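A.B. asks: Have a look at the structure that comes next, please.
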Amino acid sequence: MQPLIRIEDLRKIYHVGDQEIHALSGVSLTINPGEFVAIMGPSGSGKSTMMNVLGCLDKPTIGEYVLDGHAISQLHDDDLAIIRNRKIGFVFQSFNLLSRTSAVENVELPMLYSGVSSKERRQRAIEALQSVGLGTRLYNKPNELSGGQQQRVSIARALVNNPVIIMADEPTGALDTRTSVEIMSIFQRLNDMGKTIILVTHEPDIADYAKRIVRFRDGRIVEDVDVQNRRIVAEIAVAAEEEAIS
Amino acid sequence: MNFMESIRVSIRSVLANKMRSFLTMLGIIIGVSAVIAMVSIGQGASSSVTSQIQGLGSNLLIVSPGQASQGGIRLGAGSANTLTLKDAEAIAKQESVAGVAPDVTKQAQVVYRNQNASTTIEGTSQNYPDVRSAKIQSGRFFNKYEVQGQANVAVIGSEVVKNLFGSATANPLEQKIEINQISFTVVGVLQSQGSSGNTNNDDRVIIPVTTAVNRLGLGNIRTMFVSAKSADLMDQATIDVTTALRGAHRLLPKNDNDFQISSQAQILSTAQGITGIMTTLLAGIAGISLLVGGIGIMNIMLVSVTERTREIGIRKAIGATRGAIMRQFLIESVMLSLLGGIIGIGLGIGIAKLVSQFSTLTTTISLSPILYAFFFSMMVGVVFGVYPARKAARLNPIDALRYE
C-alpha cells in the first residue's frame with residue numbers, strides 16, 4: 001500500500017535575531033491511509049510545527065514531504081492553498097469559524113474556493129452538518145452555538161470537500177470532558193469509515209482515542225507506538241445523548 | 001471563488017459596518033460631487049460667455065486702441081487713446097464695411113422728475129442696432145442726422161424705464177430725462193436682452209456719440225464695432241479697416257499699428273480658453289478632494305485587513321489562494337469607491353441644479369464629467385485598494401490564525 005504521508009529527514013529552522021531555532025531536526029514519518037495518529041509532546045517539542053508542515057500551512061526548510069503522491073516541499077504558496085483545499089480538512093482548538101456567518105455558510109466555505117456550484121454547495125454543507133448531528137442548527141451563527149456544536153461545525157467544514165486527511169489541532173482543548181468525548185466519538189466514527197486522521201494533543205486521555213501515538217521532544221520523534229488500551233466511545237450512547245439535547 | 005461570490009462576500013462585509021462604510025464613502029461622495037458641480041458651473045459659465053460672444057454676430061470686428069508707449073515702456077492694450085470719430089468716418093467709407101458703431105461709455109446719474117438712477121451712458125452711432133443686433137421695442141433708434149447734429153435724444157433700456165418711470169411697462173417716449181443737467185428726449189426703448197455675467201444689458205441709456213463726446217464730455221472712444229458686409233468679407237474688412245486707420249493715423253510703414261482689431265472668433269477662442277482654464281482649475285481642486293477620499297478608503301481598508309486577520313487566516317487555511325483574498329478586498333474597496341462615486345454623481349447634479357436655481361450662475365450638466373467621475377472613482381478604489389488587498393493576500397496563514 002502506498003503511504004498517504006511520507007516524510008524524510010524533515011527539518012524546520014527559524015531565525016530569531018542571530019539565533020537559529022531548530023523546531024524540527026530530522027523527522028521521518030510514514031502514515032498510511034486509514035490511520036488515526038495522535039501527535040503528542042510538551043510545548044516547544046515541535047509538534048505544532050509538525051502540524052503546520054503536515055497541514056501544508058508551512059514549508060519545511062529541508063527535507064521531503066510527500067502527501068498523497070504530491071511532493072509538497074517544492075510547491076508554491078498558491079499550490080499549497082489548493083492542496084489544503086482539496087486534500088486536507090482542518091479542525092482547530094479555537095474552532096476558527098467565521099462569526100456573523102451561519103453554520104451552513106461556514107461549512108460551504110471550502111467549496112467556495114474549489115469552484116462547486118452554489119446549489120451543490122448548500123446541499124453538501126447540509127449533509128455534512130447532518131452527519132455531525134447538527135441538522136437542526138443549519139442557520140445558527142457561531143455565537144448562537146455551544147462550544148461542542150461549534151467544533152462540530154468545524155468538523156463538518158473539514159469533511160465537506162472530502163479530504164484525504166483530517167488534521168485536528170487540539171480539537172478538545174476548549175471543551176469540557178463530556179463534550180470532548182462527543183467530539184472524539186465523531187473522529188472515531190469518521191476513522192471507522194476510512195478517514196485518515198492526525199490529531200495533535202497534549203492530553204494523554206484524548207490521545208488514547210487514536211490508534212497510534214507519535215511522541216515529540218526537542219524537534220525529534222522520541223516514541224512511535226500503537227495504542228494498547230484504546231478508548232472506544234459507545235456511539236449508541238452518544239447518539240442517544242444527542243437526541244436528548246436536541 | 002468566482003466573481004459573483006466575491007461580490008457577495010464584499011457586499012456583506014460593507015454592510016456589516018454600515019456607518020463606517022458610509023463615512024469612508026463620504027470622502028469620495030464629496031470629491032465626486034464637487035467635481036461634477038464645479039465642472040457644471042464652469043461649463044455653464046463657458047457656454048453663457050460663448051453665447052454672449054456669438055450674439056455679437058459672426059461678421060463683427062472690434063477695433064480697440066493700441067498700446068501706448070511711454071519712453072519705450074509699453075503700457076497695456078487700450079492704454080492709448082487713439083480712436084476718434086474721424087476714424088469711424090474713415091472706416092465707414094470702406095467697401096467691405098457695412099456699418100461702424102463707435103462706443104463711448106460712462107456711468108452717470110439720470111434724472112426724471114423726482115426719480116433718479118445711476119446707469120451706463122453709451123454713446124454710439126445710428127448703425128448700432130444693425131452692428132450690435134439690438135432691437136427696438138417701442139419708438140425708434142436715433143438717425144444719422146441726429147448723430148450729425150448732436151441731438152439730445154436717448155434710447156433707453158427696460159431697466160432704466162422701470163427705475164425712472166416706475167414700471168417696465170410705462171411709456172417713456174417723448175419724456176425728458178436729464179443727464180448731467182442736460183435734457184434728453186427719449187425716442188425709443190430697447191428690447192430686453194437680460195443680463196450677461198454681472199452687467200445688465202437693459203440698464204443703459206444710449207445717446208448719439210457726437211452728443212456724448214462733445215456735450216457730455218464722455219472722453220475718447222474705447223471701442224468701435226465694425227460690421228463687415230458679410231461673414232466671408234471678414235478678412236477683407238480687417239485689411240480695409242487696418243489700411244483706413246493707418247492712413248487716418250498717418251502711420252509710417254515702420255510704425256506698428258496703434259490699434260487692435262479682433263473678430264468675434266478670436267474673442268470667442270480667448271474667452272473659451274479662459275473659461276477652460278477656470279473649469280480645469282475648479283475640477284483640479286475638486287480632484288484633490290477625490291484623492292483625499294481615496295486615501296480615506298485605503299486607511300479604512302488597512303484597518304479592515306488588520307481587523308479581519310483571523311478571517312483571512314481561516315480562509316487561507318481552508319484553501320483561499322492569494323488571488324482570491326486579493327480579489328475579495330479589492331472588490332470591497334472598489335465597491336466602496338464606486339458606490340461613493342454614484343452617490344456623489346447624484347449629489348453633484350443636485351448641487352448644480354440648485355446653483356442654477358438659486359443664483360445667477362448657469363450650469364451645464366454634461367455626460368463626460370459624469371463618466372469621468374464614475375471611472376475615476378472606480379480607479380480610486382483600485383489604486384487605493386491594491387496595497388491593503390496585497391497586504392491581506394500576503395498574510396502568513398499560521399500567523400493570521402494565531403492573531404487575536
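Identifiers in this document derive from the order of the C-alpha cells: chains are assigned A, B, ..., residues are numbered from 1 separately in each chain, and ligands are numbered from 1 in order of occurrence.
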If we count only C-alpha atoms, what is near Ala265 of chain B at a cut-off of 9 Å, once residues fewer than 5 positions away on the same chain are taken out, given as a ChimeraX atom specification?
C.D. replies: /B:53-54,58,270
A.B. asks: Tell me, as a list in words, which residues lie within 12 Å of His22 of chain A, counting only C-alpha atoms; anything in the same chain fewer than 4 positions away does not count.
C.D. replies: Leu10, Arg11, Lys12, Ile13, Tyr14, His15, Val16, Gly26, Val27, Gly44, Ser45, Gly46, Thr49, Met50, Pro60, Thr61, Ile62, Arg217, Asp218, Gly219 and Arg220 of chain A
A.B. asks: What are the closest atom pairs, with distances in Å to one decimal, for all residues of chain A lying within 10 Å of chain B? Consider only C-alpha atoms, order rows by chain and residue number, and present the result as a Markdown table.
C.D. replies:
| residue | atom | partner | partner_atom | distance |
| --- | --- | --- | --- | --- |
| A:Thr49 | CA | B:Ile398 | CA | 9.9 |
| A:Asn52 | CA | B:Ile398 | CA | 7.5 |
| A:Gly55 | CA | B:Ala317 | CA | 8.6 |
| A:Cys56 | CA | B:Ala317 | CA | 8.7 |
| A:Leu57 | CA | B:Ile398 | CA | 6.5 |
| A:Asp58 | CA | B:Ile398 | CA | 7.6 |
| A:Asp77 | CA | B:Thr321 | CA | 7.8 |
| A:Asp78 | CA | B:Thr321 | CA | 5.1 |
| A:Asp79 | CA | B:Thr321 | CA | 8.1 |
| A:Leu80 | CA | B:Gly319 | CA | 8.0 |
| A:Ala81 | CA | B:Gly319 | CA | 4.5 |
| A:Ile82 | CA | B:Gly319 | CA | 5.6 |
| A:Ile83 | CA | B:Gly319 | CA | 7.4 |
| A:Arg84 | CA | B:Gly319 | CA | 5.3 |
| A:Asn85 | CA | B:Gly319 | CA | 4.1 |
| A:Arg86 | CA | B:Gly319 | CA | 7.8 |
| A:Lys87 | CA | B:Gly319 | CA | 9.8 |
| A:Ile88 | CA | B:Ile318 | CA | 8.3 |
| A:Gly89 | CA | B:Ile318 | CA | 7.5 |
| A:Phe90 | CA | B:Ile318 | CA | 7.4 |
| A:Phe92 | CA | B:Leu401 | CA | 9.6 |
| A:Ser94 | CA | B:Leu401 | CA | 9.6 |
| A:Phe95 | CA | B:Ile314 | CA | 9.8 |
| A:Asn96 | CA | B:Ile314 | CA | 6.4 |
| A:Leu97 | CA | B:Ile314 | CA | 7.5 |
| A:Leu98 | CA | B:Glu311 | CA | 6.4 |
| A:Ser99 | CA | B:Glu311 | CA | 8.7 |
| A:Arg100 | CA | B:Ala16 | CA | 8.7 |
| A:Thr101 | CA | B:Arg12 | CA | 9.9 |
| A:Leu109 | CA | B:Ile318 | CA | 7.6 |
| A:Pro110 | CA | B:Ile318 | CA | 5.6 |
| A:Met111 | CA | B:Met1 | CA | 8.3 |
| A:Leu112 | CA | B:Met1 | CA | 5.1 |
| A:Tyr113 | CA | B:Met1 | CA | 4.6 |
| A:Ser114 | CA | B:Met1 | CA | 6.9 |
| A:Gly115 | CA | B:Met1 | CA | 5.9 |
| A:Val116 | CA | B:Met1 | CA | 8.7 |
| A:Ser117 | CA | B:Asn2 | CA | 9.8 |
| A:Ser118 | CA | B:Glu5 | CA | 9.2 |
| A:Arg157 | CA | B:Ile318 | CA | 9.0 |
| A:Ala158 | CA | B:Ile318 | CA | 8.4 |
| A:Asn161 | CA | B:Ile318 | CA | 10.0 |
A.B. asks: DSSP on the backbone, strand (DSSP E or B) only: what residues of segment 200-294 of chain B does that give? Format it as a PDB file with N, CA and C atoms, in the first residue's frame.
C.D. replies:
ATOM      1  N   ASN B 200     -25.867  94.242 -16.610  1.00  0.00           N
ATOM      2  CA  ASN B 200     -27.252  94.159 -17.031  1.00  0.00           C
ATOM      3  C   ASN B 200     -27.394  94.938 -18.334  1.00  0.00           C
ATOM      4  N   ARG B 204     -29.154 100.709 -19.378  1.00  0.00           N
ATOM      5  CA  ARG B 204     -28.304 101.708 -20.032  1.00  0.00           C
ATOM      6  C   ARG B 204     -29.122 102.693 -20.862  1.00  0.00           C
ATOM      7  N   VAL B 205     -28.448 103.797 -21.113  1.00  0.00           N
ATOM      8  CA  VAL B 205     -29.063 104.863 -21.907  1.00  0.00           C
ATOM      9  C   VAL B 205     -28.148 105.096 -23.099  1.00  0.00           C
ATOM     10  N   ILE B 206     -28.714 104.990 -24.300  1.00  0.00           N
ATOM     11  CA  ILE B 206     -27.895 105.157 -25.498  1.00  0.00           C
ATOM     12  C   ILE B 206     -28.192 106.516 -26.135  1.00  0.00           C
ATOM     13  N   ILE B 207     -27.114 107.255 -26.395  1.00  0.00           N
ATOM     14  CA  ILE B 207     -27.260 108.589 -26.992  1.00  0.00           C
ATOM     15  C   ILE B 207     -26.310 108.712 -28.177  1.00  0.00           C
ATOM     16  N   PRO B 208     -26.507 109.685 -29.071  1.00  0.00           N
ATOM     17  CA  PRO B 208     -25.584 109.842 -30.195  1.00  0.00           C
ATOM     18  C   PRO B 208     -24.164 110.082 -29.688  1.00  0.00           C
ATOM     19  N   THR B 223     -13.884 101.667 -27.958  1.00  0.00           N
ATOM     20  CA  THR B 223     -14.148 100.519 -28.825  1.00  0.00           C
ATOM     21  C   THR B 223     -14.925 101.002 -30.040  1.00  0.00           C
ATOM     22  N   MET B 224     -14.644 100.379 -31.178  1.00  0.00           N
ATOM     23  CA  MET B 224     -15.509 100.604 -32.328  1.00  0.00           C
ATOM     24  C   MET B 224     -15.962  99.244 -32.835  1.00  0.00           C
ATOM     25  N   PHE B 225     -17.270  99.106 -32.959  1.00  0.00           N
ATOM     26  CA  PHE B 225     -17.793  97.857 -33.510  1.00  0.00           C
ATOM     27  C   PHE B 225     -18.006  98.063 -35.001  1.00  0.00           C
ATOM     28  N   VAL B 226     -17.384  97.217 -35.777  1.00  0.00           N
ATOM     29  CA  VAL B 226     -17.473  97.344 -37.230  1.00  0.00           C
ATOM     30  C   VAL B 226     -18.114  96.075 -37.764  1.00  0.00           C
ATOM     31  N   SER B 227     -19.169  96.248 -38.579  1.00  0.00           N
ATOM     32  CA  SER B 227     -19.718  95.027 -39.167  1.00  0.00           C
ATOM     33  C   SER B 227     -19.315  94.956 -40.634  1.00  0.00           C
ATOM     34  N   ALA B 228     -18.837  93.763 -41.012  1.00  0.00           N
ATOM     35  CA  ALA B 228     -18.482  93.553 -42.408  1.00  0.00           C
ATOM     36  C   ALA B 228     -19.759  93.300 -43.190  1.00  0.00           C
ATOM     37  N   PHE B 259      -3.562 100.382 -32.878  1.00  0.00           N
ATOM     38  CA  PHE B 259      -4.929  99.917 -32.590  1.00  0.00           C
ATOM     39  C   PHE B 259      -4.917  98.397 -32.730  1.00  0.00           C
ATOM     40  N   GLN B 260      -5.975  97.799 -32.260  1.00  0.00           N
ATOM     41  CA  GLN B 260      -6.083  96.342 -32.392  1.00  0.00           C
ATOM     42  C   GLN B 260      -7.422  95.992 -33.004  1.00  0.00           C
ATOM     43  N   ILE B 261      -7.408  95.000 -33.863  1.00  0.00           N
ATOM     44  CA  ILE B 261      -8.655  94.545 -34.452  1.00  0.00           C
ATOM     45  C   ILE B 261      -8.843  93.083 -34.066  1.00  0.00           C
ATOM     46  N   SER B 262      -9.965  92.835 -33.480  1.00  0.00           N
ATOM     47  CA  SER B 262     -10.220  91.422 -33.182  1.00  0.00           C
ATOM     48  C   SER B 262     -11.600  91.046 -33.689  1.00  0.00           C
ATOM     49  N   SER B 263     -11.735  89.783 -34.023  1.00  0.00           N
ATOM     50  CA  SER B 263     -13.027  89.315 -34.513  1.00  0.00           C
ATOM     51  C   SER B 263     -13.721  88.534 -33.414  1.00  0.00           C
TER      52      SER B 263
END
A.B. asks: What's around segment 203-208 of chain A at 9 Å? Count only C-alpha atoms, leave out sequence neighbours fewer than 4 positions away in its own chain, and write the answer as an MDAnalysis selection string.
C.D. replies: chainID A and resid 37:40 170 172:173 180:181 184 199 212:213 227:232
A.B. asks: Could you pull the residues within 8 Å of Ala103 of chain A, counting only C-alpha atoms, minus those fewer than 6 positions along the same chain, as a PyMOL selection string?
C.D. replies: chain A and resi 137-142+153
A.B. asks: Restricted to C-alpha atoms, what would the selected residues look like written as an mmCIF file, in the first residue's frame?
C.D. replies:
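Heads up, here's the output in again-v6.cif:
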data_model
loop_
_atom_site.group_PDB
_atom_site.id
_atom_site.type_symbol
_atom_site.label_atom_id
_atom_site.label_comp_id
_atom_site.auth_asym_id
_atom_site.auth_seq_id
_atom_site.Cartn_x
_atom_site.Cartn_y
_atom_site.Cartn_z
ATOM 1 C CA ARG A 137 -28.808 24.160 13.627
ATOM 2 C CA LEU A 138 -28.029 24.930 9.994
ATOM 3 C CA TYR A 139 -28.711 28.646 10.098
ATOM 4 C CA ASN A 140 -27.403 29.489 13.541
ATOM 5 C CA LYS A 141 -24.382 31.718 13.777
ATOM 6 C CA PRO A 142 -21.342 30.584 15.787
ATOM 7 C CA VAL A 153 -19.499 22.749 12.565
#
A.B. asks: Do you know which residues are at most 12 Å from Ser304 of chain B counting only C-alpha atoms, after dropping those on the same chain fewer than 3 positions away, and could you put them as a VMD selection string?
C.D. replies: chain B and resid 10 13 to 14 16 to 17 20 to 21 24 297 to 301 307 to 312 329 to 330 332 to 333 385 388 to 389 391 to 392
A.B. asks: Taking C-alpha atoms for each residue, export the selection above as a CSV table (one decimal), in the first residue's frame.
C.D. replies:
chain,number,residue,atom,x,y,z
B,10,SER,CA,-17.8,42.0,-0.2
B,13,SER,CA,-18.7,43.0,4.7
B,14,VAL,CA,-19.5,46.5,3.5
B,16,ALA,CA,-21.5,44.7,8.3
B,17,ASN,CA,-20.1,48.1,9.2
B,20,ARG,CA,-18.0,53.1,8.8
B,21,SER,CA,-18.7,52.2,5.1
B,24,THR,CA,-15.5,56.0,4.1
B,297,ILE,CA,-10.6,54.3,1.6
B,298,MET,CA,-7.1,53.0,1.8
B,299,ASN,CA,-7.0,53.8,5.5
B,300,ILE,CA,-10.2,52.0,6.3
B,301,MET,CA,-9.2,49.0,4.1
B,307,GLU,CA,-9.4,43.6,12.0
B,308,ARG,CA,-10.1,40.6,9.8
B,309,THR,CA,-6.6,39.0,10.0
B,310,ARG,CA,-8.1,35.9,11.6
B,311,GLU,CA,-10.8,35.6,9.0
B,312,ILE,CA,-8.1,35.9,6.3
B,329,PHE,CA,-10.5,43.0,-0.7
B,330,LEU,CA,-10.1,44.8,-4.0
B,332,GLU,CA,-14.6,45.6,-1.4
B,333,SER,CA,-12.6,48.8,-1.9
B,385,GLY,CA,-7.3,49.2,-2.6
B,388,PRO,CA,-4.4,46.8,1.6
B,389,ALA,CA,-5.5,43.9,-0.6
B,391,LYS,CA,-1.2,43.1,2.5
B,392,ALA,CA,-4.2,40.8,3.2
